[in-house]
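Shown next: work-v3.txt, given as compact mmCIF, C-alpha atoms.
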# COMPACT_ATOMS: atom_id res chain seq x y z
CA MET A 1196 0.43 11.43 -9.79
CA SER A 1197 2.92 8.81 -8.59
CA TYR A 1198 5.66 9.79 -6.17
CA CYS A 1199 8.32 9.64 -8.92
CA GLU A 1200 6.22 11.79 -11.28
CA LYS A 1201 5.72 14.22 -8.40
CA LEU A 1202 9.49 14.45 -7.82
CA LEU A 1203 10.23 15.04 -11.51
CA TYR A 1204 7.45 17.63 -11.86
CA TYR A 1205 8.44 19.66 -8.79
CA ARG A 1206 12.16 19.44 -9.51
CA LYS A 1207 11.61 20.87 -13.00
CA LYS A 1208 9.20 23.46 -11.62
CA SER A 1209 11.93 24.51 -9.17
CA ASN A 1210 14.49 24.76 -12.01
CA MET A 1211 16.84 22.42 -10.17
CA THR A 1212 19.06 19.64 -11.41
CA GLN A 1213 19.02 16.14 -9.96
CA GLU A 1214 22.46 16.83 -8.54
CA GLN A 1215 21.26 19.98 -6.75
CA VAL A 1216 18.30 18.19 -5.18
CA ALA A 1217 20.49 15.26 -4.15
CA LYS A 1218 22.94 17.59 -2.43
CA LEU A 1219 20.16 19.40 -0.54
CA ILE A 1220 18.72 16.14 0.81
CA ASP A 1221 22.15 14.69 1.66
CA THR A 1222 22.22 11.82 -0.82
CA SER A 1223 24.03 10.96 -4.03
CA LYS A 1224 22.78 11.96 -7.47
CA ALA A 1225 22.49 8.26 -8.36
CA ASN A 1226 20.30 7.63 -5.34
CA TYR A 1227 18.05 10.60 -6.13
CA CYS A 1228 17.75 9.42 -9.74
CA ARG A 1229 16.45 6.08 -8.44
CA TYR A 1230 13.70 7.93 -6.56
CA GLU A 1231 12.76 9.96 -9.61
CA LYS A 1232 12.68 6.90 -11.88
CA GLY A 1233 10.65 4.86 -9.38
CA ARG A 1234 13.40 2.29 -8.81
CA ARG A 1235 13.62 3.12 -5.13
CA LYS A 1236 11.11 4.61 -2.73
CA PRO A 1237 12.21 7.30 -0.30
CA ASP A 1238 11.72 6.66 3.41
CA ILE A 1239 9.63 9.12 5.39
CA GLU A 1240 12.59 11.26 6.48
CA THR A 1241 13.84 11.61 2.90
CA TRP A 1242 10.30 12.27 1.64
CA SER A 1243 9.94 15.11 4.18
CA LYS A 1244 13.27 16.61 3.02
CA LEU A 1245 12.18 16.34 -0.62
CA ALA A 1246 8.86 18.05 0.15
CA LYS A 1247 10.69 20.96 1.77
CA VAL A 1248 13.37 21.27 -0.92
CA LEU A 1249 10.96 20.98 -3.85
CA ASN A 1250 8.16 22.89 -2.12
CA PHE A 1251 5.25 20.43 -2.21
CA ASP A 1252 2.90 19.00 0.41
CA GLU A 1253 4.15 15.77 1.97
CA PHE A 1254 0.67 14.31 1.64
CA PRO A 1255 -1.46 13.05 0.06
CA MET A 1256 0.70 10.06 -0.66
CA GLU A 1257 -0.66 6.55 -0.47
CA ILE A 1258 0.30 3.94 2.10
CA ASP A 1259 1.22 0.36 1.39
CA ILE A 1260 -1.79 -1.86 1.77
CA ILE A 1261 -0.20 -5.13 2.75
CA TYR A 1262 -2.62 -7.53 4.35
CA PRO A 1263 -1.51 -9.21 7.58
CA GLU A 1264 -0.31 -12.77 6.92
CA GLU A 1265 -2.73 -14.24 9.47
CA MET A 1266 -5.69 -12.77 7.55
CA LYS A 1267 -4.44 -14.20 4.27
CA ASP A 1268 -3.73 -17.56 5.92
CA GLU A 1269 -7.26 -17.68 7.33
CA LEU A 1270 -8.74 -16.98 3.89
CA LYS A 1271 -6.46 -19.57 2.24
CA SER A 1272 -7.56 -22.15 4.80
CA VAL A 1273 -11.27 -21.55 4.18
CA ILE A 1274 -10.75 -21.57 0.39
CA LYS A 1275 -8.99 -24.93 0.72
CA LYS A 1276 -11.91 -26.30 2.79
CA CYS A 1277 -14.31 -25.14 0.09
CA GLU A 1278 -12.28 -26.74 -2.67
CA ASN A 1279 -12.11 -30.05 -0.75
CA ARG A 1280 -15.77 -30.18 0.32
CA LYS A 1281 -17.80 -33.25 -0.39
CA GLY A 1282 -21.44 -32.65 -1.27
CA ASN A 1283 -23.66 -29.68 -0.53
CA ASP A 1284 -24.25 -30.30 3.18
CA GLU A 1285 -21.45 -27.94 4.23
CA ASN A 1286 -22.20 -25.15 1.73
CA THR A 1287 -23.98 -22.75 4.11
CA LYS A 1288 -21.36 -23.10 6.85
CA LEU A 1289 -18.48 -22.69 4.37
CA PHE A 1290 -20.18 -19.73 2.72
CA TYR A 1291 -20.30 -17.87 6.06
CA GLU A 1292 -16.73 -18.82 6.95
CA LEU A 1293 -15.57 -17.56 3.55
CA HIS A 1294 -17.71 -14.45 3.85
CA ASN A 1295 -16.24 -13.59 7.27
CA ALA A 1296 -12.61 -14.21 6.21
CA SER A 1297 -13.12 -12.11 3.06
CA ASN A 1298 -14.77 -9.31 5.03
CA ASN A 1299 -11.79 -9.18 7.42
CA LEU A 1300 -9.47 -8.49 4.48
CA MET A 1301 -11.84 -5.96 2.90
CA ASP A 1302 -12.36 -4.15 6.21
CA TYR A 1303 -8.59 -3.95 6.65
CA ARG A 1304 -8.25 -2.49 3.12
CA MET A 1305 -10.93 0.13 3.83
CA LYS A 1306 -9.28 1.07 7.12
CA MET A 1307 -5.96 1.57 5.33
CA LEU A 1308 -7.57 3.62 2.55
CA ASP A 1309 -9.21 5.83 5.18
CA LEU A 1310 -5.82 6.30 6.82
CA SER A 1311 -4.42 7.64 3.55
CA LYS A 1312 -6.57 10.73 4.18
CA THR A 1313 -5.00 11.25 7.59
CA SER A 1314 -2.28 13.89 7.92
CA LEU A 1315 1.36 12.86 8.33
CA GLU A 1316 1.39 14.25 11.87
CA GLU A 1317 -1.65 12.16 12.87
CA LYS A 1318 -0.12 9.03 11.32
CA VAL A 1319 3.09 9.51 13.31
CA LEU A 1320 1.19 10.28 16.54
CA ASN A 1321 -0.98 7.17 16.10
CA GLY A 1322 2.04 4.97 15.38
CA ILE A 1323 0.91 4.18 11.84
CA ILE A 1324 4.08 5.63 10.39
CA THR A 1325 7.28 5.02 12.28
CA GLU A 1326 10.94 5.56 11.54
CA GLY A 1327 11.91 3.65 8.42
CA THR A 1328 8.37 3.51 6.97
CA VAL A 1329 8.45 3.55 3.19
CA LEU A 1330 5.65 5.35 1.43
CA ASN A 1331 4.39 4.08 -1.88
CA ALA A 1332 1.27 3.11 -3.72
CA SER A 1333 0.78 -0.63 -3.73
CA ILE A 1334 -1.82 -3.16 -2.79
CA ASP A 1335 -1.04 -6.71 -1.74
CA CYS A 1336 -1.61 -8.71 -4.96
CA GLU A 1337 -1.81 -12.05 -3.18
CA GLY A 1338 -4.54 -10.73 -0.89
CA GLU A 1339 -6.49 -9.30 -3.81
CA MET A 1340 -6.25 -12.61 -5.72
CA LEU A 1341 -7.47 -14.48 -2.64
CA LEU A 1342 -10.44 -12.11 -2.37
CA ASP A 1343 -11.27 -12.64 -6.04
CA LYS A 1344 -11.09 -16.41 -5.63
CA ALA A 1345 -13.23 -16.26 -2.47
CA LEU A 1346 -15.93 -14.26 -4.24
CA LYS A 1347 -16.04 -16.77 -7.11
CA ILE A 1348 -16.35 -19.69 -4.68
CA MET A 1349 -19.08 -17.90 -2.70
CA GLY A 1350 -21.04 -17.55 -5.94
CA LYS A 1351 -20.83 -21.32 -6.47
CA LEU A 1352 -21.84 -22.09 -2.87
CA LEU A 1353 -25.11 -20.16 -3.17

Output the file's structure as structure tokens, nothing else.
Amino acid sequence: MSYCEKLLYYRKKSNMTQEQVAKLIDTSKANYCRYEKGRRKPDIETWSKLAKVLNFDEFPMEIDIIYPEEMKDELKSVIKKCENRKGNDENTKLFYELHNASNNLMDYRMKMLDLSKTSLEEKVLNGIITEGTVLNASIDCEGEMLLDKALKIMGKLL
């Protein structure tokens, strides 16, 4: 269930109007409607208020999985080397470079997915979630496309 579906479901279950919920979380009806329609994602403070008002658990809710730029840059660099290679002499070396850069991104993704099972309190204590963190369910498309491209190239290098 997405966060907006969750809001709609629990608001209706609580027999409340959008205006009533908005008032209880100190925002405008228009702003709350954006949350419920998925046009805007509540920050952690607002999400906590919504959970209390609508009586649902704050978590599980997924975290953004946005790959660090340096990891994506490293993978782009190795992909470029592979695309510009001349002959088969470099294949083994490039394969391992590509393999390592891809694994860094995949390990990061797995770490973030594991963190989605961590309680809100643990995330705050460990500095994973800080003031202003926005919670939503998304994965870095550019990073995923780079991984896909890397896997295809690795298949050709073998």

- Considering only C-alpha atoms, return as a PyMOL selection string whatever protein or nucleic-acid residues lie within 10 Å of region 1279-1289 of chain A, sequence-local ones (same chain, fewer than 2 positions apart) excluded. chain A and resi 1273-1277+1291-1295+1348-1349+1351-1353

- So which residues touch Glu1337 (chain A) within 12 Å, counting all atoms listed in the file, skipping near sequence neighbours fewer than 6 positions away, as a PyMOL selection string? chain A and resi 1260-1264+1266-1268+1270-1271+1300+1343-1344

- Return the single residue from A:Leu1346, A:Ala1296, A:Ala1246, A:Leu1341 that is closest to Arg1206 (chain A), with distances computed using all atoms listed in the file. A:Ala1246

- CA of Leu1219 (chain A) and CA of Arg1234 (chain A), how far apart in Å?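 These atoms are spaced 20.2 Å apart.
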
- Item | Between CA of Ser1197 (chain A) and CA of Cys1336 (chain A), distance in Å (one decimal) | 18.5 Å

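If you look at CA of Cys1199 (chain A) and CA of Lys1306 (chain A), they are 25.3 Å away from each other.
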
- Which is closest to Lys1232 (chain A) among A:Leu1203, A:Met1305, A:Lys1247, A:Glu1214, if we use all atoms listed in the file?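 Checking each candidate against Lys1232 (chain A), we get A:Leu1203 as the closest.
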
- Message: Please determine, counting only C-alpha atoms, which residue among A:Lys1236, A:Leu1342, A:Glu1269, A:Met1211 has the shortest atom-to-atom distance to Met1301 (chain A).
- Response: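 Smallest distance to Met1301 (chain A) is found for A:Leu1342.
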
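Compared by their closest atoms to Asp1221 (chain A), and using only C-alpha atoms, the residues A:Leu1202, A:Arg1235, A:Thr1241, A:Glu1278 rank with A:Thr1241 nearest.
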
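You can rank A:Phe1251, A:Tyr1227, A:Trp1242, A:Phe1290 by their closest distance to Thr1212 (chain A) using only C-alpha atoms, and at the top of that list sits A:Tyr1227.
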